[in-house]
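J.: Got work-v1.cif for you, mmCIF, C-alpha atoms:
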data_upload
#
loop_
_atom_site.label_atom_id
_atom_site.label_comp_id
_atom_site.auth_asym_id
_atom_site.auth_seq_id
_atom_site.Cartn_x
_atom_site.Cartn_y
_atom_site.Cartn_z
CA MET A 1 -165.03 -116.12 186.29
CA ASN A 2 -166.21 -115.26 189.77
CA GLU A 3 -165.91 -117.34 192.90
CA LEU A 4 -169.60 -118.34 192.98
CA LEU A 5 -169.48 -119.73 189.46
CA GLU A 6 -166.25 -121.54 190.22
CA ARG A 7 -167.88 -123.26 193.19
CA PHE A 8 -170.93 -124.04 191.03
CA LEU A 9 -168.73 -125.76 188.47
CA GLN A 10 -167.11 -127.79 191.25
CA GLY A 11 -170.54 -129.12 192.20
CA ASP A 12 -171.16 -127.01 195.33
CA ARG A 13 -174.91 -127.14 196.09
CA ARG A 14 -174.88 -123.91 198.07
CA ALA A 15 -173.42 -122.18 195.00
CA LEU A 16 -176.13 -123.77 192.85
CA ALA A 17 -178.79 -122.40 195.25
CA ARG A 18 -177.33 -118.91 195.07
CA VAL A 19 -177.02 -118.92 191.29
CA LEU A 20 -180.64 -120.09 191.01
CA THR A 21 -181.85 -117.19 193.19
CA ARG A 22 -180.08 -114.66 190.98
CA VAL A 23 -181.47 -116.32 187.87
CA GLU A 24 -184.98 -116.47 189.30
CA ASN A 25 -184.83 -112.78 190.20
CA ASP A 26 -183.55 -111.99 186.71
CA THR A 27 -180.69 -109.84 187.98
CA GLU A 28 -177.90 -108.80 185.65
CA GLU A 29 -175.61 -111.25 187.42
CA GLY A 30 -178.27 -113.94 186.96
CA ARG A 31 -178.47 -113.30 183.23
CA GLU A 32 -174.71 -113.54 183.00
CA TYR A 33 -174.81 -116.98 184.67
CA VAL A 34 -177.44 -118.16 182.21
CA ARG A 35 -175.32 -116.88 179.33
CA LEU A 36 -172.25 -118.73 180.61
CA LEU A 37 -174.01 -121.94 181.66
CA TYR A 38 -176.46 -122.41 178.79
CA PRO A 39 -173.89 -124.09 176.54
CA ARG A 40 -173.38 -126.70 179.27
CA SER A 41 -177.08 -127.56 179.39
CA GLY A 42 -179.12 -129.87 177.19
CA ARG A 43 -177.92 -133.17 178.57
CA ALA A 44 -180.53 -133.86 181.26
CA HIS A 45 -183.82 -135.59 180.61
CA THR A 46 -186.36 -132.93 181.53
CA VAL A 47 -189.67 -134.42 182.64
CA GLY A 48 -192.80 -132.34 183.22
CA ILE A 49 -195.38 -133.53 185.73
CA THR A 50 -198.72 -131.80 185.35
CA GLY A 51 -202.32 -132.38 186.38
CA SER A 52 -205.03 -130.80 188.48
CA ALA A 53 -204.59 -129.67 192.08
CA GLY A 54 -204.65 -132.67 194.39
CA SER A 55 -204.10 -135.21 191.62
CA GLY A 56 -200.88 -136.37 193.26
CA LYS A 57 -198.27 -134.50 191.21
CA SER A 58 -195.94 -133.96 194.17
CA THR A 59 -196.28 -137.54 195.34
CA VAL A 60 -195.68 -138.89 191.81
CA THR A 61 -192.71 -136.53 191.45
CA GLY A 62 -191.22 -137.67 194.76
CA ALA A 63 -191.76 -141.34 193.96
CA LEU A 64 -190.19 -140.97 190.50
CA ALA A 65 -187.18 -139.19 192.00
CA ALA A 66 -186.72 -142.06 194.47
CA GLU A 67 -186.97 -144.57 191.60
CA TRP A 68 -184.28 -142.80 189.58
CA ARG A 69 -182.06 -142.61 192.66
CA ARG A 70 -182.34 -146.41 192.85
CA ARG A 71 -181.17 -146.43 189.24
CA GLY A 72 -178.14 -144.36 190.19
CA LYS A 73 -179.26 -141.08 188.64
CA GLN A 74 -178.78 -137.58 190.06
CA VAL A 75 -182.17 -135.91 190.26
CA GLY A 76 -183.16 -132.25 190.28
CA ILE A 77 -186.72 -131.17 191.07
CA VAL A 78 -188.32 -127.82 190.28
CA ALA A 79 -191.72 -127.53 191.94
CA VAL A 80 -193.94 -124.58 191.05
CA ASP A 81 -196.82 -123.38 193.21
CA PRO A 82 -199.04 -120.35 192.57
CA SER A 83 -198.35 -116.79 193.69
CA SER A 84 -201.24 -114.76 195.05
CA PRO A 85 -202.58 -112.40 192.39
CA PHE A 86 -203.33 -109.91 195.18
CA THR A 87 -200.22 -109.87 197.35
CA GLN A 88 -197.72 -111.71 195.10
CA GLY A 89 -196.94 -113.86 198.12
CA ALA A 90 -196.90 -117.63 197.88
CA LEU A 91 -197.05 -120.70 200.07
CA LEU A 92 -194.78 -123.33 198.56
CA GLY A 93 -195.69 -126.71 199.98
CA ASP A 94 -194.49 -129.30 197.51
CA ARG A 95 -191.57 -130.40 199.71
CA ILE A 96 -194.08 -131.79 202.24
CA ARG A 97 -194.67 -134.76 199.91
CA MET A 98 -190.97 -135.33 199.35
CA HIS A 99 -189.63 -135.91 202.88
CA ASP A 100 -187.95 -139.16 201.96
CA LEU A 101 -185.66 -137.28 199.58
CA ALA A 102 -184.81 -134.49 202.00
CA LEU A 103 -181.37 -135.75 202.94
CA ASP A 104 -180.38 -137.55 199.78
CA PRO A 105 -177.25 -135.88 198.40
CA GLY A 106 -178.26 -137.02 194.92
CA VAL A 107 -181.47 -134.99 194.99
CA TYR A 108 -181.91 -131.24 194.88
CA ILE A 109 -185.38 -129.72 195.28
CA ARG A 110 -186.17 -126.12 194.45
CA SER A 111 -189.60 -124.56 195.02
CA MET A 112 -190.65 -121.71 192.76
CA ALA A 113 -193.61 -119.34 192.93
CA SER A 114 -195.44 -118.73 189.67
CA ARG A 115 -194.97 -114.94 190.08
CA GLY A 116 -197.83 -114.02 187.79
CA ALA A 117 -196.88 -116.23 184.84
CA LEU A 118 -199.76 -117.93 183.09
CA GLY A 119 -199.53 -121.45 181.76
CA GLY A 120 -198.69 -123.33 184.95
CA LEU A 121 -195.03 -122.43 185.32
CA ALA A 122 -192.96 -119.46 186.52
CA PRO A 123 -191.34 -116.69 184.46
CA ALA A 124 -187.79 -117.94 184.99
CA VAL A 125 -188.45 -121.67 184.90
CA ASN A 126 -186.63 -122.34 181.63
CA ASP A 127 -183.52 -120.58 182.90
CA VAL A 128 -183.70 -122.36 186.25
CA VAL A 129 -183.99 -125.73 184.49
CA ALA A 130 -181.08 -124.87 182.17
CA VAL A 131 -178.88 -123.98 185.15
CA MET A 132 -179.79 -127.21 186.96
CA ASP A 133 -179.08 -129.08 183.73
CA ALA A 134 -175.66 -127.42 183.53
CA PHE A 135 -175.02 -128.42 187.15
CA GLY A 136 -175.15 -132.03 185.99
CA PHE A 137 -178.42 -133.63 187.04
CA ASP A 138 -179.35 -136.64 184.89
CA VAL A 139 -183.06 -136.13 185.30
CA ILE A 140 -184.89 -132.89 186.09
CA LEU A 141 -188.50 -133.22 187.18
CA ILE A 142 -190.59 -130.09 186.71
CA GLU A 143 -193.84 -130.06 188.64
CA THR A 144 -196.36 -127.47 187.42
CA VAL A 145 -198.93 -125.63 189.48
CA GLY A 146 -202.26 -127.42 189.69
CA ALA A 147 -203.24 -127.29 186.05
CA GLY A 148 -206.76 -127.36 184.73
CA GLN A 149 -207.26 -127.52 181.02
CA ASP A 150 -205.10 -124.94 179.36
CA GLU A 151 -201.77 -124.89 181.16
CA VAL A 152 -199.68 -126.23 178.31
CA GLU A 153 -196.40 -124.30 178.77
CA ILE A 154 -194.74 -127.34 180.32
CA ALA A 155 -194.57 -129.06 176.93
CA GLY A 156 -192.15 -126.35 175.78
CA THR A 157 -189.94 -126.80 178.83
CA ALA A 158 -189.82 -130.57 179.26
CA LEU A 159 -188.81 -133.26 176.78
CA THR A 160 -191.38 -135.63 178.24
CA THR A 161 -194.69 -134.44 179.68
CA VAL A 162 -196.67 -136.64 182.06
CA LEU A 163 -200.32 -135.80 182.74
CA VAL A 164 -201.59 -137.09 186.10
CA ASN A 165 -205.31 -137.91 186.12
CA ASN A 166 -207.57 -139.25 188.87
CA PRO A 167 -210.68 -141.37 188.85
CA GLY A 168 -213.99 -139.68 189.51
CA THR A 169 -213.16 -136.20 188.26
CA GLY A 170 -215.39 -135.79 185.24
CA ASP A 171 -216.94 -137.60 182.32
CA ASP A 172 -215.22 -138.42 179.07
CA ILE A 173 -216.26 -135.15 177.43
CA GLN A 174 -213.89 -133.42 179.87
CA ALA A 175 -211.11 -135.49 178.44
CA MET A 176 -212.14 -134.75 174.86
CA LYS A 177 -211.69 -131.05 175.24
CA ALA A 178 -208.63 -129.56 173.63
CA GLY A 179 -205.68 -128.34 175.64
CA ILE A 180 -203.66 -130.04 178.28
CA ILE A 181 -204.50 -133.60 177.29
CA GLU A 182 -203.04 -132.99 173.83
CA ILE A 183 -199.59 -132.23 175.15
CA ALA A 184 -199.30 -135.38 177.27
CA ASP A 185 -196.63 -137.83 176.17
CA ILE A 186 -197.69 -140.21 178.92
CA LEU A 187 -201.06 -140.41 180.68
CA VAL A 188 -201.10 -141.55 184.29
CA VAL A 189 -204.16 -142.67 186.21
CA ASN A 190 -202.99 -142.04 189.77
CA LYS A 191 -204.89 -143.18 192.89
CA ALA A 192 -205.67 -146.23 190.78
CA ASP A 193 -206.97 -148.05 193.85
CA LEU A 194 -209.98 -145.72 193.98
CA PRO A 195 -213.30 -146.68 192.42
CA GLY A 196 -213.68 -145.51 188.85
CA ALA A 197 -210.05 -146.15 187.84
CA ASP A 198 -211.02 -148.81 185.28
CA THR A 199 -213.67 -146.54 183.80
CA LEU A 200 -211.18 -143.69 183.48
CA VAL A 201 -208.59 -145.94 181.81
CA SER A 202 -211.13 -147.16 179.27
CA GLN A 203 -212.38 -143.62 178.65
CA LEU A 204 -208.83 -142.45 177.99
CA GLN A 205 -208.22 -145.46 175.73
CA ALA A 206 -211.40 -144.74 173.78
CA LEU A 207 -210.37 -141.12 173.46
CA LEU A 208 -207.00 -142.09 172.03
CA THR A 209 -208.60 -144.29 169.38
CA LEU A 210 -210.28 -141.14 168.05
CA ALA A 211 -206.91 -139.54 167.36
CA PRO A 212 -206.06 -139.05 163.69
CA ALA A 213 -204.26 -141.93 162.00
CA GLY A 214 -200.52 -141.72 162.47
CA ALA A 215 -200.79 -139.58 165.59
CA ARG A 216 -198.72 -140.78 168.49
CA ARG A 217 -200.82 -142.56 171.10
CA PRO A 218 -199.50 -141.83 174.59
CA PRO A 219 -199.33 -144.87 176.85
CA ILE A 220 -201.73 -144.99 179.80
CA LEU A 221 -200.26 -146.15 183.09
CA ARG A 222 -201.80 -146.80 186.48
CA THR A 223 -200.04 -145.69 189.64
CA ILE A 224 -200.66 -145.54 193.35
CA ALA A 225 -197.91 -143.03 193.99
CA ILE A 226 -198.26 -143.04 197.77
CA THR A 227 -197.25 -146.73 197.91
CA GLY A 228 -194.94 -146.55 194.91
CA GLU A 229 -197.03 -148.98 192.89
CA GLY A 230 -196.59 -148.53 189.15
CA ILE A 231 -193.81 -145.98 189.55
CA ALA A 232 -191.01 -148.17 188.16
CA ALA A 233 -193.13 -148.82 185.06
CA LEU A 234 -193.76 -145.09 184.74
CA ALA A 235 -190.02 -144.36 184.93
CA ASP A 236 -189.49 -147.02 182.22
CA ALA A 237 -192.12 -145.38 180.02
CA ILE A 238 -190.52 -141.95 180.47
CA GLU A 239 -187.09 -143.33 179.55
CA ALA A 240 -188.60 -145.13 176.56
CA HIS A 241 -190.17 -141.86 175.41
CA ARG A 242 -186.80 -140.18 175.26
CA VAL A 243 -185.30 -143.08 173.32
CA GLU A 244 -188.19 -142.83 170.86
CA LEU A 245 -187.69 -139.04 170.54
CA GLU A 246 -184.05 -139.57 169.68
CA ARG A 247 -184.69 -142.40 167.26
CA SER A 248 -187.40 -140.58 165.33
CA GLY A 249 -185.57 -137.27 165.07
CA GLU A 250 -188.40 -135.68 167.03
CA LEU A 251 -185.92 -134.59 169.72
CA GLU A 252 -184.15 -132.25 167.30
CA ARG A 253 -187.45 -130.85 166.04
CA GLN A 254 -188.68 -130.30 169.60
CA ARG A 255 -185.46 -128.49 170.53
CA TYR A 256 -185.95 -126.17 167.55
CA ASP A 257 -189.59 -125.51 168.45
CA ASP A 258 -188.71 -124.81 172.08
CA ALA A 259 -185.84 -122.50 171.09
CA ARG A 260 -188.09 -120.53 168.76
CA HIS A 261 -190.82 -120.31 171.39
CA GLN A 262 -188.42 -119.16 174.10
CA ILE A 263 -186.77 -116.52 171.91
CA LEU A 264 -190.12 -115.04 170.95
CA ALA A 265 -191.39 -115.16 174.54
CA GLN A 266 -188.28 -113.33 175.73
CA ALA A 267 -188.61 -110.77 172.92
CA GLN A 268 -192.20 -110.18 173.97
CA ALA A 269 -191.12 -109.64 177.57
CA ILE A 270 -188.40 -107.20 176.49
CA LEU A 271 -190.84 -105.19 174.38
CA LEU A 272 -193.42 -105.09 177.16
CA GLU A 273 -190.78 -103.92 179.61
CA ARG A 274 -189.65 -101.22 177.17
CA ILE A 275 -193.22 -100.01 176.67
CA ARG A 276 -193.79 -99.95 180.43
CA ALA A 277 -190.60 -98.05 181.11
CA ALA A 278 -191.20 -95.49 178.38
CA THR A 279 -194.85 -94.78 179.07
CA PRO A 280 -195.56 -91.94 181.52
CA ALA A 281 -197.98 -93.11 184.21
CA ASP A 282 -200.50 -90.37 183.43
CA GLU A 283 -200.57 -91.37 179.77
CA LEU A 284 -201.34 -94.97 180.70
CA ASP A 285 -203.92 -93.79 183.25
CA ALA A 286 -205.66 -91.73 180.55
CA LEU A 287 -205.90 -94.76 178.26
CA VAL A 288 -207.13 -96.91 181.14
CA ALA A 289 -209.88 -94.39 181.89
CA ARG A 290 -211.03 -94.32 178.28
CA VAL A 291 -211.14 -98.10 178.01
CA ALA A 292 -212.91 -98.45 181.37
CA ALA A 293 -215.51 -95.94 180.15
CA ARG A 294 -215.88 -97.99 176.96
CA GLU A 295 -214.84 -95.02 174.79
CA LEU A 296 -211.93 -96.98 173.42
CA ASP A 297 -211.35 -100.71 172.97
CA PRO A 298 -208.30 -102.33 174.64
CA HIS A 299 -206.84 -103.37 171.29
CA THR A 300 -206.68 -99.82 169.92
CA ALA A 301 -205.38 -98.53 173.24
CA ALA A 302 -202.57 -101.09 173.18
CA GLU A 303 -201.65 -100.14 169.63
CA GLU A 304 -201.46 -96.47 170.61
CA LEU A 305 -199.21 -97.35 173.52
CA ALA A 306 -196.95 -99.60 171.47
CA SER A 307 -196.61 -97.31 168.48
CA ALA A 308 -195.80 -94.35 170.75
CA VAL A 309 -192.83 -96.27 172.11
CA LEU A 310 -191.69 -98.28 169.12
CA GLY A 311 -192.00 -95.31 166.81
CA THR A 312 -193.90 -97.04 164.04
CA PRO A 313 -197.63 -97.50 163.90
CA LEU A 314 -198.39 -101.22 163.86
CA HIS A 315 -201.05 -100.79 161.21
CA PRO A 316 -199.96 -97.85 159.04
CA MET B 317 -205.41 -107.46 190.76
CA SER B 318 -203.80 -108.23 187.44
CA SER B 319 -200.17 -108.92 188.03
CA ALA B 320 -197.84 -109.22 185.10
CA PRO B 321 -195.16 -111.87 185.30
CA SER B 322 -192.55 -110.61 187.68
CA THR B 323 -189.05 -111.67 188.49
CA THR B 324 -188.29 -109.05 191.10
CA LYS B 325 -186.66 -110.10 194.34
CA LYS B 326 -188.98 -111.65 196.89
CA ILE B 327 -188.28 -112.43 200.51
CA ARG B 328 -188.06 -116.21 200.79
CA VAL B 329 -188.88 -117.77 204.15
CA LEU B 330 -188.63 -121.34 205.40
CA ILE B 331 -191.13 -122.21 208.11
CA ALA B 332 -190.23 -125.50 209.75
CA LYS B 333 -191.24 -127.63 212.69
CA PRO B 334 -188.39 -129.55 214.28
CA GLY B 335 -189.04 -132.44 216.60
CA LEU B 336 -191.86 -134.77 217.29
CA ASP B 337 -194.87 -132.65 218.21
CA GLY B 338 -197.46 -132.63 215.48
CA HIS B 339 -199.18 -129.37 216.26
CA ASP B 340 -198.64 -127.13 213.28
CA ARG B 341 -201.49 -124.68 213.59
CA GLY B 342 -199.15 -121.90 214.75
CA ALA B 343 -196.65 -122.60 211.98
CA LYS B 344 -199.43 -122.48 209.39
CA VAL B 345 -200.87 -119.23 210.75
CA VAL B 346 -197.44 -117.59 210.58
CA ALA B 347 -196.79 -119.01 207.09
CA ARG B 348 -200.10 -117.63 205.91
CA ALA B 349 -199.45 -114.18 207.43
CA LEU B 350 -196.05 -113.94 205.75
CA ARG B 351 -197.57 -115.09 202.45
CA ASP B 352 -200.24 -112.42 202.73
CA ALA B 353 -197.47 -109.88 203.29
CA GLY B 354 -196.09 -110.80 199.84
CA MET B 355 -193.34 -113.23 200.84
CA GLU B 356 -192.63 -116.63 199.33
CA VAL B 357 -192.99 -119.11 202.16
CA ILE B 358 -191.73 -122.64 201.94
CA TYR B 359 -193.50 -124.89 204.40
CA THR B 360 -192.00 -128.31 204.96
CA GLY B 361 -194.53 -129.87 207.30
CA ILE B 362 -194.15 -131.48 210.71
CA ARG B 363 -191.48 -133.71 212.26
CA GLN B 364 -188.43 -132.28 210.54
CA THR B 365 -184.95 -133.18 211.75
CA PRO B 366 -182.38 -130.39 212.10
CA GLU B 367 -180.56 -131.84 209.08
CA MET B 368 -183.73 -131.70 206.95
CA ILE B 369 -184.40 -128.10 207.95
CA ALA B 370 -180.85 -126.98 207.19
CA GLU B 371 -180.80 -128.83 203.88
CA ALA B 372 -184.11 -127.25 202.83
CA ALA B 373 -182.79 -123.81 203.81
CA LEU B 374 -179.73 -124.43 201.64
CA GLN B 375 -181.57 -125.77 198.60
CA GLU B 376 -184.24 -123.08 198.69
CA ASP B 377 -181.69 -120.31 199.40
CA VAL B 378 -184.04 -118.65 201.86
CA ASP B 379 -183.46 -115.29 203.54
CA VAL B 380 -185.31 -116.25 206.71
CA VAL B 381 -185.82 -119.42 208.76
CA GLY B 382 -188.67 -119.55 211.27
CA LEU B 383 -188.91 -122.52 213.65
CA SER B 384 -192.04 -123.50 215.50
CA ILE B 385 -191.91 -125.79 218.50
CA LEU B 386 -194.36 -126.79 221.22
CA SER B 387 -192.70 -129.90 222.59
CA GLY B 388 -190.25 -128.22 224.95
CA ALA B 389 -187.25 -129.66 223.14
CA HIS B 390 -186.07 -126.29 221.80
CA LEU B 391 -182.84 -126.28 223.82
CA GLU B 392 -182.07 -129.69 222.34
CA LEU B 393 -183.10 -129.06 218.77
CA PHE B 394 -182.44 -125.40 218.04
CA PRO B 395 -178.67 -125.57 218.63
CA ARG B 396 -178.55 -128.54 216.29
CA VAL B 397 -180.44 -126.63 213.59
CA VAL B 398 -177.94 -123.75 213.92
CA GLU B 399 -175.04 -126.20 213.80
CA GLU B 400 -176.40 -127.94 210.68
CA LEU B 401 -176.94 -124.57 208.98
CA LYS B 402 -173.35 -123.54 209.76
CA LYS B 403 -172.05 -126.88 208.54
CA ARG B 404 -173.62 -126.10 205.17
CA GLY B 405 -172.33 -122.54 205.03
CA VAL B 406 -175.80 -121.09 205.54
CA ASP B 407 -174.68 -118.47 208.04
CA ASP B 408 -176.47 -115.34 206.90
CA VAL B 409 -180.15 -116.13 207.32
CA LEU B 410 -182.46 -114.30 209.71
CA LEU B 411 -183.52 -116.78 212.41
CA PHE B 412 -186.62 -116.53 214.54
CA ALA B 413 -188.74 -118.95 216.52
CA GLY B 414 -192.16 -119.30 218.02
CA GLY B 415 -194.11 -121.63 220.26
CA ILE B 416 -194.07 -122.55 223.90
CA ILE B 417 -190.70 -121.28 225.07
CA PRO B 418 -190.15 -120.25 228.70
CA ASP B 419 -188.83 -116.71 229.24
CA GLU B 420 -185.68 -117.95 230.92
CA ASP B 421 -184.68 -119.82 227.76
CA VAL B 422 -185.00 -116.77 225.51
CA PRO B 423 -181.52 -115.31 226.23
CA LYS B 424 -179.90 -118.68 225.46
CA LEU B 425 -181.68 -118.84 222.12
CA LYS B 426 -180.79 -115.25 221.27
CA GLU B 427 -177.19 -116.05 222.01
CA LEU B 428 -177.46 -118.90 219.52
CA GLY B 429 -178.43 -116.40 216.86
CA PHE B 430 -182.22 -116.31 217.07
CA LYS B 431 -183.14 -112.68 216.55
CA GLU B 432 -186.55 -112.95 218.17
CA ILE B 433 -188.79 -115.45 219.97
CA PHE B 434 -192.54 -115.06 219.58
CA GLY B 435 -194.76 -116.57 222.26
CA PRO B 436 -198.42 -117.53 222.20
CA GLY B 437 -200.78 -114.64 221.48
CA THR B 438 -198.30 -112.76 219.27
CA ASN B 439 -199.99 -110.59 216.66
CA THR B 440 -198.96 -112.01 213.29
CA GLN B 441 -198.49 -108.46 212.01
CA ASP B 442 -195.68 -108.04 214.54
CA ILE B 443 -193.93 -111.02 212.97
CA VAL B 444 -194.42 -109.59 209.49
CA LYS B 445 -193.00 -106.26 210.64
CA PHE B 446 -190.09 -108.01 212.32
CA VAL B 447 -189.14 -109.86 209.14
CA PHE B 448 -189.33 -106.76 206.95
CA GLU B 449 -187.18 -104.84 209.42
CA HIS B 450 -184.48 -107.43 209.93
CA VAL B 451 -184.14 -109.37 206.71
CA LYS B 452 -180.84 -108.80 204.93
CA LYS B 453 -181.53 -107.07 201.67
#
Let me see the file written as structure tokens.
T.:
Amino acid sequence: MNELLERFLQGDRRALARVLTRVENDTEEGREYVRLLYPRSGRAHTVGITGSAGSGKSTVTGALAAEWRRRGKQVGIVAVDPSSPFTQGALLGDRIRMHDLALDPGVYIRSMASRGALGGLAPAVNDVVAVMDAFGFDVILIETVGAGQDEVEIAGTALTTVLVNNPGTGDDIQAMKAGIIEIADILVVNKADLPGADTLVSQLQALLTLAPAGARRPPILRTIAITGEGIAALADAIEAHRVELERSGELERQRYDDARHQILAQAQAILLERIRAATPADELDALVARVAARELDPHTAAEELASAVLGTPLHP
Amino acid sequence: MSSAPSTTKKIRVLIAKPGLDGHDRGAKVVARALRDAGMEVIYTGIRQTPEMIAEAALQEDVDVVGLSILSGAHLELFPRVVEELKKRGVDDVLLFAGGIIPDEDVPKLKELGFKEIFGPGTNTQDIVKFVFEHVKK
């Protein structure tokens, strides 16, 4: 065991920070840390906070962290903001809404850039959360990038997913669309002091009554995160959700689903990397030119690429 | 523009404003320029204490810390930021500063460990170049 890991296991936050960087950059050393620390993870309550840009995710996250500190819990926060698709740079500004936690030794905040991942998270987020879990946080809050309708990856990372909604952001058909609303374990109407909050609550309630019989109906809670109103009740609801998961056996099932999903996602990444590494640039360029000229469809081009590397044609 | 998910090393920078002045235009312009150069920039907003800045630098494991100050309190606050960083074992970050800082104070700040001080009118590309050249790989 190296010195960094030793310090990590003794609870040194600087060591945690350094391990997280190596894990986020997916270095060999980072992978080794994940391998060694993964068996120590799985104890924390992982809570996803998602919702559209400006809905108050960071403020809700900060207020929840403060509430759990009052309850004596150690809190880790992973806050994801988008990377530029052009420069790969990122401006990570979630800490701005969490000043009150800045010097609390029971809170650790880590900002992550999405680095091209789709789905509202970052490529290494599951590993980062596992490492923070192994460090010993009781609760880990994971704040997604501003999510629109389809950023559902968080449900595979967090045990409890909270969707933050705001009044005045669309009619009830918006809410009836498939996608992000289906993965919410708890619905929050934040900025509940704004006009339209009652309408939104009743629209969400009406929507839930349309769910198939036997389907779980997520509770709807009102918050004004900036003043802290409703936050204690939200923390209660999140804790109650975990208790319910454990009681119903759903927790085990969810862990299996997440494990399967993560293995397959990693396998996909490994295969893509292998194809990239083994394909000469001019060969890829030639395929690109043919697809751009509409001589070849992208699907067939991809099959050619994959079968050249993997050896077997996918559709013999 | 399509960028596949990437986990390669990025330069991480903390841009922070110590002290009580609330003018963060300069800090935001620099943050934006570094972002556009492909770096991951953590911006913590105005009115940060030296302890808050050092703690954020630790938690975010940044390679670079840039401080912006217009209040004139740099000789008060900057040494305290350096001290708080050292206290936390964060002793290998690239430090730079910008804002209204009189020429005669520059040597004192460099002695403290600030690699460069950028005054008003600096071309942001010079700051980008500076970071690329001096960041510890």
J.: Near A:Thr144, counting only C-alpha atoms, which residues have an atom at most 10 Å away, once you skip same-chain residues fewer than 2 positions from it, shown as a count of residues only?
T.: 27
J.: Point out the residue among B:Ile417, B:Val406, B:Val451, B:Val444 with the least atom-to-atom distance to chain A, counting all atoms listed in the file.
T.: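 The closest residue to chain A is B:Val406.
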J.: Considering only C-alpha atoms, can you say which of A:Pro105, A:Pro218, A:Gly72, A:Gly56 comes closest to chain B?
T.: A:Pro105
J.: For chain A against chain B, with a cut-off of 6 Å and counting only C-alpha atoms, what is the closest atom pair and its distance in Å to one decimal for every residue that makes the cut, ordered by chain and number, as CSV?
T.:
residue,atom,partner,partner_atom,distance
A:Ala17,CA,B:Asp377,CA,5.5
A:Asn25,CA,B:Thr323,CA,4.7
A:Asp26,CA,B:Thr323,CA,5.8
A:Pro85,CA,B:Met317,CA,5.9
A:Phe86,CA,B:Met317,CA,5.5
A:Thr87,CA,B:Gly354,CA,4.9
A:Gln88,CA,B:Gly354,CA,5.1
A:Gly89,CA,B:Gly354,CA,3.6
A:Ala90,CA,B:Glu356,CA,4.6
A:Leu91,CA,B:Val357,CA,4.8
A:Leu92,CA,B:Ile358,CA,4.6
A:Gly93,CA,B:Tyr359,CA,5.3
A:Arg95,CA,B:Thr360,CA,5.7
A:Ile96,CA,B:Thr360,CA,4.9
A:Ala102,CA,B:Met368,CA,5.8
A:Arg110,CA,B:Glu376,CA,5.6
A:Arg115,CA,B:Ser322,CA,5.5
A:Gly116,CA,B:Pro321,CA,4.2
A:Ala117,CA,B:Pro321,CA,4.7
J.: Quick one: distance from atom CA of B:Val397 to atom CA of A:Arg22 in Å, one decimal?
T.: 25.6 Å
J.: Excluding stretch 231-241 of chain A and any residue of its chain fewer than 6 positions from it, enumerate the residues within 9 Å of it, using only C-alpha atoms, and give them as a JSON list (two decimals) with C-alpha atoms, in the frame of the given file.
T.:
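The result, written out as part.json:
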[["chain", "number", "residue", "atom", "x", "y", "z"],
["A", 45, "HIS", "CA", -183.82, -135.59, 180.61],
["A", 47, "VAL", "CA", -189.67, -134.42, 182.64],
["A", 60, "VAL", "CA", -195.68, -138.89, 191.81],
["A", 63, "ALA", "CA", -191.76, -141.34, 193.96],
["A", 64, "LEU", "CA", -190.19, -140.97, 190.50],
["A", 67, "GLU", "CA", -186.97, -144.57, 191.60],
["A", 68, "TRP", "CA", -184.28, -142.80, 189.58],
["A", 159, "LEU", "CA", -188.81, -133.26, 176.78],
["A", 160, "THR", "CA", -191.38, -135.63, 178.24],
["A", 161, "THR", "CA", -194.69, -134.44, 179.68],
["A", 162, "VAL", "CA", -196.67, -136.64, 182.06],
["A", 185, "ASP", "CA", -196.63, -137.83, 176.17],
["A", 186, "ILE", "CA", -197.69, -140.21, 178.92],
["A", 188, "VAL", "CA", -201.10, -141.55, 184.29],
["A", 219, "PRO", "CA", -199.33, -144.87, 176.85],
["A", 221, "LEU", "CA", -200.26, -146.15, 183.09],
["A", 222, "ARG", "CA", -201.80, -146.80, 186.48],
["A", 223, "THR", "CA", -200.04, -145.69, 189.64],
["A", 224, "ILE", "CA", -200.66, -145.54, 193.35],
["A", 225, "ALA", "CA", -197.91, -143.03, 193.99]]
J.: Taking the file as I've supplied it (selection: the PyMOL selection byres ((chain B and resi 388-391) around 8)), which residues are included? Please answer as number ranges by chain.
T.: B: 335, 385-387, 392-395, 416-417, 421, 425
J.: To one decimal place, how far is atom CA of B:Val447 from atom CA of A:Leu4 in Å?
T.: 26.7 Å
J.: Could you list, as a PyMOL selection string, every residue within 6 Å of A:Val139, counting all atoms listed in the file and ignoring same-chain residues fewer than 6 positions away?
T.: chain A and resi 44-46+75
J.: State, in Å with one decimal place, the distance from atom CA of B:Val398 to atom CA of B:Leu428.
T.: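 So the answer is 7.4 Å.
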J.: Would you please work out which residue, of A:Asp12, A:Glu32, A:Glu24, A:Glu252, is nearest to A:Gly136 when using all atoms listed in the file?
T.: A:Asp12
J.: Given the choices A:Ser55, A:Asn166, A:Thr199, A:Thr61, which gets closest to A:Ile109 if the distance is worked out from only C-alpha atoms?
T.: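 Looking only at the distances to A:Ile109, the closest residue turns out to be A:Thr61.
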J.: Can you list, as a ChimeraX atom specification, the residues that the PyMOL selection byres ((chain A and resi 6) around 12) selects here?
T.: /A:1-5,7-16,19,33,36-37,135
J.: Applied to the shown file, which residues does the PyMOL selection byres ((chain B and resi 343) around 8) return, written as a list of chain:residue names?
T.: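 Applying the PyMOL selection byres ((chain B and resi 343) around 8) to the structure shown produces B:Ile331, B:Ala332, B:Lys333, B:Asp340, B:Arg341, B:Gly342, B:Lys344, B:Val345, B:Val346, B:Ala347, B:Leu383, B:Ser384.
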